[in-house]
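Asker: Contents of protein.pdb (PDB, C-alpha atoms) are given next:
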```pdb
ATOM      1  CA  MET L   1      95.517 128.301 113.127
ATOM      2  CA  SER L   2      95.786 127.345 109.541
ATOM      3  CA  PHE L   3      95.285 123.751 108.657
ATOM      4  CA  ASP L   4      98.526 121.808 108.692
ATOM      5  CA  ILE L   5      98.288 118.688 106.643
ATOM      6  CA  GLU L   6     101.465 117.268 108.038
ATOM      7  CA  ASN L   7     100.210 117.254 111.619
ATOM      8  CA  TYR L   8      98.399 114.027 111.069
ATOM      9  CA  LEU L   9     101.579 112.309 110.028
ATOM     10  CA  LYS L  10     103.607 114.034 112.735
ATOM     11  CA  ASP L  11     101.217 112.712 115.342
ATOM     12  CA  GLN L  12     101.862 109.198 114.190
ATOM     13  CA  ASN L  13     104.699 107.279 115.686
ATOM     14  CA  ARG L  14     107.575 108.288 113.459
ATOM     15  CA  ASN L  15     109.811 105.395 114.367
ATOM     16  CA  ASN L  16     110.817 102.979 111.671
ATOM     17  CA  VAL L  17     109.849 105.284 108.844
ATOM     18  CA  ILE L  18     111.027 103.752 105.616
ATOM     19  CA  LEU L  19     109.978 106.578 103.387
ATOM     20  CA  PHE L  20     108.178 109.892 103.564
ATOM     21  CA  TYR L  21     107.299 111.902 100.493
ATOM     22  CA  LYS L  22     105.198 114.911  99.718
ATOM     23  CA  GLY L  23     104.874 116.683  96.412
ATOM     24  CA  ASN L  24     103.992 115.987  92.844
ATOM     25  CA  VAL L  25     103.194 112.341  92.116
ATOM     26  CA  ASP L  26     104.379 111.730  88.581
ATOM     27  CA  SER L  27     105.616 108.622  86.847
ATOM     28  CA  ASP L  28     109.305 109.192  87.716
ATOM     29  CA  ILE L  29     108.555 109.756  91.390
ATOM     30  CA  ILE L  30     106.482 106.575  91.464
ATOM     31  CA  ASN L  31     109.416 104.627  89.985
ATOM     32  CA  HIS L  32     111.793 106.123  92.478
ATOM     33  CA  ILE L  33     109.569 105.374  95.487
ATOM     34  CA  LEU L  34     108.944 101.793  94.344
ATOM     35  CA  ASP L  35     112.664 101.159  93.865
ATOM     36  CA  THR L  36     113.569 102.665  97.233
ATOM     37  CA  VAL L  37     110.992 100.678  99.180
ATOM     38  CA  GLU L  38     111.708  97.458  97.325
ATOM     39  CA  ASP L  39     115.452  97.786  98.000
ATOM     40  CA  LYS L  40     114.787  98.348 101.698
ATOM     41  CA  LEU L  41     112.516  95.324 101.963
ATOM     42  CA  VAL L  42     115.144  93.161 100.292
ATOM     43  CA  GLU L  43     117.848  94.643 102.510
ATOM     44  CA  VAL L  44     116.017  93.616 105.698
ATOM     45  CA  ASN L  45     115.295  90.191 104.219
ATOM     46  CA  GLU L  46     111.561  90.565 104.473
ATOM     47  CA  GLN L  47     109.741  87.339 103.697
ATOM     48  CA  PRO L  48     108.727  87.168 100.025
ATOM     49  CA  ARG L  49     104.982  86.969 100.499
ATOM     50  CA  LEU L  50     104.811  90.085 102.675
ATOM     51  CA  ARG L  51     107.339  91.892 100.489
ATOM     52  CA  LYS L  52     105.244  91.273  97.386
ATOM     53  CA  ARG L  53     102.063  92.313  99.121
ATOM     54  CA  VAL L  54     103.611  95.582 100.311
ATOM     55  CA  TYR L  55     104.911  96.253  96.810
ATOM     56  CA  ASN L  56     101.533  95.568  95.232
ATOM     57  CA  VAL L  57      99.671  97.771  97.678
ATOM     58  CA  LEU L  58     102.244 100.523  97.225
ATOM     59  CA  VAL L  59     101.822 100.407  93.436
ATOM     60  CA  GLU L  60      98.046 100.731  93.769
ATOM     61  CA  SER L  61      98.257 103.511  96.394
ATOM     62  CA  LEU L  62     100.626 105.578  94.284
ATOM     63  CA  GLN L  63      98.710 105.030  91.085
ATOM     64  CA  ASN L  64      95.472 105.925  92.861
ATOM     65  CA  LEU L  65      97.113 109.265  93.642
ATOM     66  CA  TYR L  66      98.420 109.550  90.083
ATOM     67  CA  HIS L  67      95.037 108.896  88.484
ATOM     68  CA  HIS L  68      92.606 110.428  90.932
ATOM     69  CA  VAL L  69      93.936 113.384  92.954
ATOM     70  CA  ASP L  70      92.083 116.647  92.583
ATOM     71  CA  LYS L  71      93.907 119.883  91.834
ATOM     72  CA  VAL L  72      95.233 121.633  94.968
ATOM     73  CA  PRO L  73      93.261 124.535  96.500
ATOM     74  CA  GLU L  74      94.197 128.014  95.236
ATOM     75  CA  ASP L  75      95.685 129.125  98.551
ATOM     76  CA  PHE L  76      97.774 125.970  99.081
ATOM     77  CA  GLU L  77     101.530 126.530  99.438
ATOM     78  CA  ASP L  78     102.524 124.051  96.731
ATOM     79  CA  GLN L  79     100.968 125.295  93.494
ATOM     80  CA  LYS L  80     103.571 123.661  91.272
ATOM     81  CA  SER L  81     102.455 120.117  91.923
ATOM     82  CA  GLU L  82      99.793 119.157  89.460
ATOM     83  CA  LYS L  83      99.144 115.897  91.304
ATOM     84  CA  PHE L  84      99.925 116.679  94.924
ATOM     85  CA  GLY L  85     100.085 113.782  97.315
ATOM     86  CA  MET L  86     101.777 112.550 100.453
ATOM     87  CA  LEU L  87     103.040 109.111 101.336
ATOM     88  CA  LEU L  88     104.429 107.485 104.450
ATOM     89  CA  VAL L  89     105.723 103.926 104.545
ATOM     90  CA  GLN L  90     106.489 102.618 107.978
ATOM     91  CA  LYS L  91     107.462  99.323 109.604
ATOM     92  CA  VAL L  92     105.121  98.368 112.439
ATOM     93  CA  ASN L  93     104.999  95.291 114.656
ATOM     94  CA  SER L  94     102.733  93.173 112.528
ATOM     95  CA  GLY L  95     103.869  94.365 109.111
ATOM     96  CA  TYR L  96     103.894  97.677 107.235
ATOM     97  CA  LYS L  97     101.791 100.818 107.210
ATOM     98  CA  ILE L  98     101.209 102.729 104.019
ATOM     99  CA  ILE L  99      99.539 106.085 104.564
ATOM    100  CA  THR L 100      98.605 108.358 101.699
ATOM    101  CA  GLY L 101      97.177 111.871 101.754
ATOM    102  CA  ASN L 102      95.634 113.973  99.030
ATOM    103  CA  PHE L 103      93.131 116.748  98.386
ATOM    104  CA  VAL L 104      89.604 115.805  97.440
ATOM    105  CA  ARG L 105      87.104 118.379  96.221
ATOM    106  CA  ALA L 106      84.160 118.653  98.607
ATOM    107  CA  ASP L 107      81.743 117.456  95.954
ATOM    108  CA  ASN L 108      83.757 114.235  95.515
ATOM    109  CA  VAL L 109      83.975 113.353  99.199
ATOM    110  CA  GLU L 110      80.652 111.594  99.467
ATOM    111  CA  LYS L 111      81.269 109.355  96.465
ATOM    112  CA  LEU L 112      84.690 108.292  97.702
ATOM    113  CA  GLU L 113      83.424 107.656 101.226
ATOM    114  CA  GLU L 114      80.542 105.565  99.891
ATOM    115  CA  LYS L 115      82.980 103.462  97.917
ATOM    116  CA  ILE L 116      85.189 102.831 100.955
ATOM    117  CA  LYS L 117      82.184 102.042 103.162
ATOM    118  CA  ARG L 118      80.924  99.541 100.644
ATOM    119  CA  ILE L 119      84.297  97.786 100.636
ATOM    120  CA  ASN L 120      84.553  97.891 104.434
ATOM    121  CA  ARG L 121      81.213  96.223 105.002
ATOM    122  CA  SER L 122      82.047  93.408 102.582
ATOM    123  CA  SER L 123      83.468  90.063 103.626
ATOM    124  CA  HIS L 124      86.696  88.820 102.069
ATOM    125  CA  GLU L 125      84.701  86.562  99.768
ATOM    126  CA  GLU L 126      82.438  89.460  98.711
ATOM    127  CA  ILE L 127      85.481  91.622  97.980
ATOM    128  CA  LYS L 128      86.859  88.891  95.737
ATOM    129  CA  GLU L 129      83.561  88.754  93.852
ATOM    130  CA  LEU L 130      83.402  92.555  93.649
ATOM    131  CA  TYR L 131      86.918  92.600  92.190
ATOM    132  CA  LYS L 132      85.980  90.090  89.525
ATOM    133  CA  PHE L 133      82.769  91.926  88.729
ATOM    134  CA  ILE L 134      84.526  95.272  88.230
ATOM    135  CA  LEU L 135      87.331  93.578  86.282
ATOM    136  CA  ASN L 136      84.859  92.057  83.894
ATOM    137  CA  HIS L 137      82.304  94.856  83.570
ATOM    138  CA  GLN L 138      83.888  98.265  84.017
ATOM    139  CA  ARG L 139      85.901 100.030  81.356
ATOM    140  CA  ILE L 140      89.065 101.968  82.141
ATOM    141  CA  SER L 141      88.048 105.556  82.894
ATOM    142  CA  ALA L 142      89.196 108.661  81.052
ATOM    143  CA  LYS L 143      91.533 109.337  83.976
ATOM    144  CA  GLY L 144      93.167 105.975  83.332
ATOM    145  CA  GLY L 145      92.068 104.224  86.495
ATOM    146  CA  GLY L 146      90.374 100.891  86.428
ATOM    147  CA  GLY L 147      88.230 101.522  89.498
ATOM    148  CA  LEU L 148      89.895  98.516  91.110
ATOM    149  CA  GLY L 149      92.644 100.083  93.203
ATOM    150  CA  LEU L 150      90.880 100.304  96.570
ATOM    151  CA  VAL L 151      89.167  96.942  96.099
ATOM    152  CA  ASP L 152      92.520  95.354  95.314
ATOM    153  CA  ILE L 153      94.135  96.943  98.380
ATOM    154  CA  ALA L 154      91.352  95.613 100.618
ATOM    155  CA  ARG L 155      91.610  92.202  99.026
ATOM    156  CA  LYS L 156      95.388  91.935  99.269
ATOM    157  CA  THR L 157      95.589  93.152 102.865
ATOM    158  CA  GLY L 158      92.434  91.523 104.213
ATOM    159  CA  ASN L 159      92.064  94.607 106.417
ATOM    160  CA  LYS L 160      89.471  97.352 106.607
ATOM    161  CA  LEU L 161      90.436 100.615 104.921
ATOM    162  CA  GLU L 162      91.048 103.187 107.664
ATOM    163  CA  TYR L 163      90.474 106.717 106.458
ATOM    164  CA  THR L 164      89.881 110.310 107.531
ATOM    165  CA  PHE L 165      88.622 113.376 105.738
ATOM    166  CA  LYS L 166      89.915 116.657 107.255
ATOM    167  CA  GLU L 167      88.093 119.727 106.072
ATOM    168  CA  TYR L 168      90.523 122.195 104.510
ATOM    169  CA  ASN L 169      87.995 124.829 103.496
ATOM    170  CA  ASP L 170      84.438 124.779 102.181
ATOM    171  CA  LYS L 171      85.607 123.535  98.790
ATOM    172  CA  TYR L 172      88.242 120.980  99.783
ATOM    173  CA  SER L 173      88.986 118.192 102.201
ATOM    174  CA  PHE L 174      92.258 116.397 102.753
ATOM    175  CA  PHE L 175      91.884 112.643 102.566
ATOM    176  CA  TYR L 176      94.083 110.205 104.470
ATOM    177  CA  LEU L 177      94.082 106.532 103.709
ATOM    178  CA  ASP L 178      95.772 104.404 106.324
ATOM    179  CA  ILE L 179      96.585 100.898 105.108
ATOM    180  CA  LEU L 180      97.995  98.068 107.177
ATOM    181  CA  VAL L 181      99.712  95.268 105.279
ATOM    182  CA  ASN L 182     100.428  92.399 107.612
ATOM    183  CA  GLU L 183     101.575  88.840 107.393
ATOM    184  CA  GLU L 184      98.439  86.833 107.683
ATOM    185  CA  ILE L 185      95.234  87.768 106.033
ATOM    186  CA  LEU L 186      91.906  86.693 107.400
ATOM    187  CA  THR L 187      89.821  84.900 104.864
TER     188      THR L 187
ATOM    189  CA  MET G   1     102.651  87.394  60.094
ATOM    190  CA  GLU G   2     105.467  89.215  61.916
ATOM    191  CA  PRO G   3     105.930  88.253  65.565
ATOM    192  CA  ILE G   4     105.443  90.921  68.207
ATOM    193  CA  ILE G   5     108.486  91.310  70.426
ATOM    194  CA  ILE G   6     108.691  93.921  73.183
ATOM    195  CA  GLU G   7     111.652  94.100  75.527
ATOM    196  CA  GLY G   8     110.798  94.323  79.218
ATOM    197  CA  THR G   9     111.380  97.373  81.405
ATOM    198  CA  PRO G  10     111.079  97.729  85.206
ATOM    199  CA  LYS G  11     107.410  98.604  84.706
ATOM    200  CA  THR G  12     106.408  96.682  81.610
ATOM    201  CA  PRO G  13     106.739  92.998  80.744
ATOM    202  CA  THR G  14     108.694  91.207  78.058
ATOM    203  CA  VAL G  15     106.267  90.222  75.328
ATOM    204  CA  LYS G  16     106.955  87.599  72.662
ATOM    205  CA  PHE G  17     104.080  86.525  70.470
ATOM    206  CA  ASP G  18     105.211  84.246  67.681
ATOM    207  CA  ALA G  19     102.469  83.518  65.161
ATOM    208  CA  ALA G  20     104.572  80.944  63.284
ATOM    209  CA  GLN G  21     105.079  78.792  66.386
ATOM    210  CA  GLY G  22     101.785  79.622  68.061
ATOM    211  CA  VAL G  23     103.634  80.374  71.285
ATOM    212  CA  PHE G  24     102.870  83.600  73.156
ATOM    213  CA  GLU G  25     104.645  84.795  76.267
ATOM    214  CA  ILE G  26     104.171  87.679  78.714
ATOM    215  CA  LYS G  27     106.809  87.785  81.407
ATOM    216  CA  GLY G  28     107.984  90.124  84.183
ATOM    217  CA  ARG G  29     106.274  93.126  85.718
ATOM    218  CA  SER G  30     103.258  94.918  84.372
ATOM    219  CA  ILE G  31     102.747  98.048  86.441
ATOM    220  CA  PRO G  32     102.664 101.015  84.035
ATOM    221  CA  GLU G  33     100.463 104.026  84.789
ATOM    222  CA  ASN G  34      99.062 103.872  81.301
ATOM    223  CA  SER G  35      98.514 100.207  80.598
ATOM    224  CA  VAL G  36      96.069 100.742  77.734
ATOM    225  CA  GLU G  37      98.804 102.397  75.707
ATOM    226  CA  PHE G  38     101.131  99.444  76.361
ATOM    227  CA  TYR G  39      98.638  96.677  75.588
ATOM    228  CA  LYS G  40      96.914  98.205  72.578
ATOM    229  CA  PRO G  41      99.438  96.942  69.980
ATOM    230  CA  ILE G  42      99.236  93.457  71.514
ATOM    231  CA  VAL G  43      95.450  93.373  71.405
ATOM    232  CA  ASP G  44      95.510  94.693  67.817
ATOM    233  CA  TRP G  45      98.066  92.031  66.840
ATOM    234  CA  LEU G  46      95.782  89.346  68.286
ATOM    235  CA  ASP G  47      92.903  90.681  66.205
ATOM    236  CA  THR G  48      94.956  89.931  63.104
ATOM    237  CA  TYR G  49      96.196  86.560  64.405
ATOM    238  CA  LYS G  50      92.691  85.414  65.191
ATOM    239  CA  GLU G  51      91.753  85.674  61.491
ATOM    240  CA  SER G  52      94.023  82.701  60.718
ATOM    241  CA  PRO G  53      95.358  81.129  63.919
ATOM    242  CA  LEU G  54      97.328  77.914  64.205
ATOM    243  CA  THR G  55      95.329  74.887  65.280
ATOM    244  CA  LYS G  56      97.128  75.091  68.600
ATOM    245  CA  THR G  57      98.197  78.219  70.514
ATOM    246  CA  VAL G  58     100.099  78.038  73.787
ATOM    247  CA  VAL G  59     100.144  81.088  76.032
ATOM    248  CA  ASN G  60     102.652  81.401  78.859
ATOM    249  CA  ILE G  61     102.002  84.079  81.467
ATOM    250  CA  ARG G  62     104.851  84.523  83.940
ATOM    251  CA  LEU G  63     104.128  87.718  85.805
ATOM    252  CA  GLU G  64     105.832  88.750  88.979
ATOM    253  CA  TYR G  65     103.595  91.771  89.585
ATOM    254  CA  PHE G  66     100.740  93.423  87.783
ATOM    255  CA  ASN G  67      98.681  96.449  88.696
ATOM    256  CA  THR G  68      94.904  96.732  88.516
ATOM    257  CA  SER G  69      94.948  98.770  85.329
ATOM    258  CA  SER G  70      96.989  96.014  83.626
ATOM    259  CA  SER G  71      94.545  93.443  84.953
ATOM    260  CA  LYS G  72      91.860  94.824  82.630
ATOM    261  CA  CYS G  73      94.202  94.837  79.649
ATOM    262  CA  ILE G  74      95.276  91.263  80.374
ATOM    263  CA  LEU G  75      91.590  90.358  80.413
ATOM    264  CA  ASP G  76      91.282  91.933  76.952
ATOM    265  CA  VAL G  77      94.143  89.727  75.768
ATOM    266  CA  PHE G  78      92.390  86.655  77.191
ATOM    267  CA  LYS G  79      89.114  87.652  75.529
ATOM    268  CA  LYS G  80      90.844  87.560  72.148
ATOM    269  CA  LEU G  81      92.221  84.112  72.984
ATOM    270  CA  GLU G  82      88.765  83.011  74.047
ATOM    271  CA  ALA G  83      87.440  84.002  70.617
ATOM    272  CA  ILE G  84      90.175  81.909  68.969
ATOM    273  CA  HIS G  85      89.260  78.970  71.198
ATOM    274  CA  LYS G  86      85.572  79.418  70.457
ATOM    275  CA  ALA G  87      86.326  79.142  66.736
ATOM    276  CA  LYS G  88      87.396  75.534  67.398
ATOM    277  CA  ASN G  89      91.129  76.056  67.762
ATOM    278  CA  GLU G  90      93.115  74.675  70.629
ATOM    279  CA  VAL G  91      94.270  77.325  73.111
ATOM    280  CA  GLU G  92      96.107  76.563  76.310
ATOM    281  CA  VAL G  93      97.074  79.081  78.975
ATOM    282  CA  ASN G  94      99.915  78.282  81.340
ATOM    283  CA  TRP G  95      99.689  80.610  84.328
ATOM    284  CA  TYR G  96     102.980  80.582  86.232
ATOM    285  CA  TYR G  97     103.280  81.799  89.819
ATOM    286  CA  GLU G  98     106.215  81.824  92.196
ATOM    287  CA  GLU G  99     106.343  79.429  95.092
ATOM    288  CA  ASP G 100     103.941  80.499  97.872
ATOM    289  CA  ASP G 101     102.640  83.445  95.857
ATOM    290  CA  GLU G 102      98.996  82.777  96.617
ATOM    291  CA  ASP G 103      97.955  86.212  95.399
ATOM    292  CA  MET G 104      99.283  85.460  91.918
ATOM    293  CA  LEU G 105      97.652  82.032  91.937
ATOM    294  CA  GLU G 106      94.326  83.628  92.926
ATOM    295  CA  ALA G 107      94.723  86.184  90.149
ATOM    296  CA  GLY G 108      95.082  83.339  87.670
ATOM    297  CA  GLU G 109      92.020  81.662  89.108
ATOM    298  CA  ASP G 110      90.053  84.898  88.657
ATOM    299  CA  TYR G 111      90.795  84.826  84.932
ATOM    300  CA  GLU G 112      90.118  81.122  84.706
ATOM    301  CA  SER G 113      86.646  81.716  86.149
ATOM    302  CA  ILE G 114      85.871  84.511  83.662
ATOM    303  CA  ILE G 115      87.455  83.180  80.460
ATOM    304  CA  ARG G 116      86.381  79.977  78.738
ATOM    305  CA  VAL G 117      89.838  78.699  77.870
ATOM    306  CA  PRO G 118      91.684  75.862  79.635
ATOM    307  CA  PHE G 119      94.152  77.156  82.225
ATOM    308  CA  LYS G 120      97.013  75.304  83.804
ATOM    309  CA  MET G 121      98.368  76.719  87.072
ATOM    310  CA  ILE G 122     102.078  76.084  87.369
ATOM    311  CA  GLU G 123     104.064  76.775  90.506
ATOM    312  CA  ILE G 124     107.657  77.839  89.885
ATOM    313  CA  VAL G 125     109.745  76.036  92.465
ATOM    314  CA  GLU G 126     113.275  77.376  92.854
TER     315      GLU G 126
END
```
Let's see the structure in the file written out as structure tokens.

Answerer:
Amino acid sequence: MSFDIENYLKDQNRNNVILFYKGNVDSDIINHILDTVEDKLVEVNEQPRLRKRVYNVLVESLQNLYHHVDKVPEDFEDQKSEKFGMLLVQKVNSGYKIITGNFVRADNVEKLEEKIKRINRSSHEEIKELYKFILNHQRISAKGGGGLGLVDIARKTGNKLEYTFKEYNDKYSFFYLDILVNEEILT
Amino acid sequence: MEPIIIEGTPKTPTVKFDAAQGVFEIKGRSIPENSVEFYKPIVDWLDTYKESPLTKTVVNIRLEYFNTSSSKCILDVFKKLEAIHKAKNEVEVNWYYEEDDEDMLEAGEDYESIIRVPFKMIEIVE
């Protein structure tokens, strides 16, 4: 069976899906997704603090895709999308789930996983310090990212970054990042 | 020196830097994909201003959202202000945050801990 990247999302509980997108992640799409989700959060009268947190995390997740996705594999069905990514935003009991998916070249997997592991073994206080350190010492990369996106997501949510790498072929993996944004953050 | 005035958009803030009054304001949302491109003219303008600043400069930051790539550019703006302050001019930063927006307050405190310029944290109560 060929690898189906949507299975992962299909297996999730699809109730209360606010938005699902797959395709090219360009600036216009990012605007559109942000507007749609923001309107929905206002519509359901979500409390301001949680609404802002969801919005912030969504901005960082989408711009992480925009700045960092690797080119799709040669045999992948969607060759038109220069920056292919997937996004699911879902209401869950304690808050909101934001799940992103994108291709990562095999030789970039280890570096990304190391970065996530480093964040996940840090306390909230350490993450705050790490954020400030990167803010003050790291230049914006050629790709346009500040290297702060994942750290900011961990800081804003107070939760560990859940993730999976699914091997696509020997050159590529598909990376899922599963973010929970809930009301109270543990400090 | 001509003021710098940039109208806000859904992804970029309103910017009004008035050299004659010594009052600078950044207001709204700062979430562009390419923040360096947006902030470069502002940072360049500050380079000129810092050659002959007023004895007192007041900076009002009223951001609703900003992304991490803007956070570095905003730090660059503050670094220019720090240089003005270091040259024995008065610089005051008013960091506004909406009621209960602890994340925005913390963001202001991050800058306050990095930049040697007096900050005032001001809660906007509706």

Asker: Give me, as a ChimeraX atom specification, all polymer residues having an atom no more than 6 Å from range 68-75 of chain G, counting all atoms listed in the file and skipping those fewer than 3 positions away in the same chain.

Answerer: /L:135,146,148 /G:35,78

Asker: Taking C-alpha atoms for each residue, export the selection above as an mmCIF file, keeping the file's coordinate frame.

Answerer:
```
data_model
loop_
_atom_site.group_PDB
_atom_site.id
_atom_site.type_symbol
_atom_site.label_atom_id
_atom_site.label_comp_id
_atom_site.auth_asym_id
_atom_site.auth_seq_id
_atom_site.Cartn_x
_atom_site.Cartn_y
_atom_site.Cartn_z
ATOM 1 C CA LEU L 135 87.331 93.578 86.282
ATOM 2 C CA GLY L 146 90.374 100.891 86.428
ATOM 3 C CA LEU L 148 89.895 98.516 91.110
ATOM 4 C CA SER G 35 98.514 100.207 80.598
ATOM 5 C CA PHE G 78 92.390 86.655 77.191
#
```

Asker: Under the rule that only C-alpha atoms are counted, which of G:Glu92, G:Asp100, G:Glu126, G:Glu64 is the nearest residue to Glu112 in chain G?

Answerer: G:Glu92

Asker: When the ChimeraX specification (/L :<10) & /G is applied to the file above, which residues end up in the set, as a VMD selection string?

Answerer: chain G and resid 10 to 11 31 to 36 64 to 73 75 to 76 98 to 104 106 to 107 110 to 111 113 to 115

Asker: What do you get, as a PyMOL selection string, if you spell out every residue that the PyMOL selection byres ((chain G and resi 42) around 12) selects here?

Answerer: chain G and resi 3-6+13-18+24-26+35-41+43-49+73-74+76-78+80-81

Asker: Taking C-alpha atoms for each residue, export the selection above as a compact mmCIF listing (two decimals), in the frame of the given file.

Answerer:
```
# COMPACT_ATOMS: atom_id res chain seq x y z
CA PRO G 3 105.93 88.25 65.56
CA ILE G 4 105.44 90.92 68.21
CA ILE G 5 108.49 91.31 70.43
CA ILE G 6 108.69 93.92 73.18
CA PRO G 13 106.74 93.00 80.74
CA THR G 14 108.69 91.21 78.06
CA VAL G 15 106.27 90.22 75.33
CA LYS G 16 106.96 87.60 72.66
CA PHE G 17 104.08 86.52 70.47
CA ASP G 18 105.21 84.25 67.68
CA PHE G 24 102.87 83.60 73.16
CA GLU G 25 104.64 84.80 76.27
CA ILE G 26 104.17 87.68 78.71
CA SER G 35 98.51 100.21 80.60
CA VAL G 36 96.07 100.74 77.73
CA GLU G 37 98.80 102.40 75.71
CA PHE G 38 101.13 99.44 76.36
CA TYR G 39 98.64 96.68 75.59
CA LYS G 40 96.91 98.20 72.58
CA PRO G 41 99.44 96.94 69.98
CA VAL G 43 95.45 93.37 71.40
CA ASP G 44 95.51 94.69 67.82
CA TRP G 45 98.07 92.03 66.84
CA LEU G 46 95.78 89.35 68.29
CA ASP G 47 92.90 90.68 66.20
CA THR G 48 94.96 89.93 63.10
CA TYR G 49 96.20 86.56 64.40
CA CYS G 73 94.20 94.84 79.65
CA ILE G 74 95.28 91.26 80.37
CA ASP G 76 91.28 91.93 76.95
CA VAL G 77 94.14 89.73 75.77
CA PHE G 78 92.39 86.66 77.19
CA LYS G 80 90.84 87.56 72.15
CA LEU G 81 92.22 84.11 72.98
```

Asker: Could you write out as number ranges by chain the residues that the PyMOL selection byres ((chain L and resi 16) around 7) matches in the shown file?

Answerer: L: 14-15, 17-18, 90-91

Asker: Hey, can I get the axis-aligned box for range 88-102 of chain L? All listed atoms, 5 Å padding on each side, centre and edge lengths in Å to one decimal, as AutoDock Vina command-line options.

Answerer:
```
--center_x 101.5 --center_y 103.6 --center_z 106.8 --size_x 21.8 --size_y 30.8 --size_z 25.6
```

Asker: Could you check the closest approach to Thr9 in chain G for each of G:Gly28, G:Glu109, G:Ile122, G:Ala87 and tell me which residue wins, using all atoms listed in the file?

Answerer: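 Between G:Gly28, G:Glu109, G:Ile122, G:Ala87, the residue approaching Thr9 in chain G most closely is G:Gly28.
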
Asker: Could you state the separation of CA of Phe84 in chain L and CA of Phe175 in chain L in Å, given to one decimal place?

Answerer: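 Separation between CA of Phe84 in chain L and CA of Phe175 in chain L: 11.8 Å.
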
Asker: Which neighbours of Val37 in chain L fall inside 9 Å, counting only C-alpha atoms, when residues of the same chain fewer than 2 positions from it are skipped, and could you give them as a PyMOL selection string?

Answerer: chain L and resi 18-19+32-35+39-42+55+58+89

Asker: Skipping near chain neighbours, those fewer than 2 positions away, what residues fall within 8 Å of Asn24 in chain L using all atoms listed in the file, listed as a list in words?

Answerer: Lys22, Asp26, Ile29, Lys80, Ser81, Glu82, Lys83, Phe84 and Gly85 of chain L

Asker: How about saving the chosen residues, C-alpha atoms kept, as an mmCIF file, keeping the file's coordinate frame?

Answerer:
```cif
data_model
loop_
_atom_site.group_PDB
_atom_site.id
_atom_site.type_symbol
_atom_site.label_atom_id
_atom_site.label_comp_id
_atom_site.auth_asym_id
_atom_site.auth_seq_id
_atom_site.Cartn_x
_atom_site.Cartn_y
_atom_site.Cartn_z
ATOM 1 C CA LYS L 22 105.198 114.911 99.718
ATOM 2 C CA ASP L 26 104.379 111.730 88.581
ATOM 3 C CA ILE L 29 108.555 109.756 91.390
ATOM 4 C CA LYS L 80 103.571 123.661 91.272
ATOM 5 C CA SER L 81 102.455 120.117 91.923
ATOM 6 C CA GLU L 82 99.793 119.157 89.460
ATOM 7 C CA LYS L 83 99.144 115.897 91.304
ATOM 8 C CA PHE L 84 99.925 116.679 94.924
ATOM 9 C CA GLY L 85 100.085 113.782 97.315
#
```

Asker: Distance CA of Met1 in chain G-CA of Ile61 in chain G, one decimal place?

Answerer: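 These two atoms are separated by 21.6 Å.
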
Asker: So that I can check the surroundings of Gln79 in chain L, please list as a CSV table (one decimal) with C-alpha atoms, keeping the file's coordinate frame every protein, DNA and RNA residue that reaches within 12 Å of it, counting all atoms listed in the file and ignoring chain neighbours fewer than 6 positions away.

Answerer:
```
chain,number,residue,atom,x,y,z
L,23,GLY,CA,104.9,116.7,96.4
L,24,ASN,CA,104.0,116.0,92.8
L,71,LYS,CA,93.9,119.9,91.8
L,72,VAL,CA,95.2,121.6,95.0
L,73,PRO,CA,93.3,124.5,96.5
```

Asker: Report, in Å with one decimal, the straight-line distance from CA of Asn89 in chain G to CA of Val59 in chain G.

Answerer: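 CA of Asn89 in chain G sits 13.2 Å away from CA of Val59 in chain G.
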
Asker: Residues within 9 Å of Gly22 in chain G, please, as a PyMOL selection string. Count all atoms listed in the file; anything in the same chain fewer than 6 positions from it doesn't count.

Answerer: chain G and resi 53-59

Asker: I need the chosen residues saved as a PDB file, in the frame of the given file, with C-alpha atoms.

Answerer:
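What landed in result.pdb:
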```pdb
ATOM      1  CA  PRO G  53      95.358  81.129  63.919  1.00  0.00           C
ATOM      2  CA  LEU G  54      97.328  77.914  64.205  1.00  0.00           C
ATOM      3  CA  THR G  55      95.329  74.887  65.280  1.00  0.00           C
ATOM      4  CA  LYS G  56      97.128  75.091  68.600  1.00  0.00           C
ATOM      5  CA  THR G  57      98.197  78.219  70.514  1.00  0.00           C
ATOM      6  CA  VAL G  58     100.099  78.038  73.787  1.00  0.00           C
ATOM      7  CA  VAL G  59     100.144  81.088  76.032  1.00  0.00           C
TER       8      VAL G  59
END
```

Asker: With all atoms listed in the file as the basis for distance, which of L:Ser173, L:Thr36, L:Asn93, L:Ser122 is at the shortest distance from Asp70 in chain L?

Answerer: L:Ser173
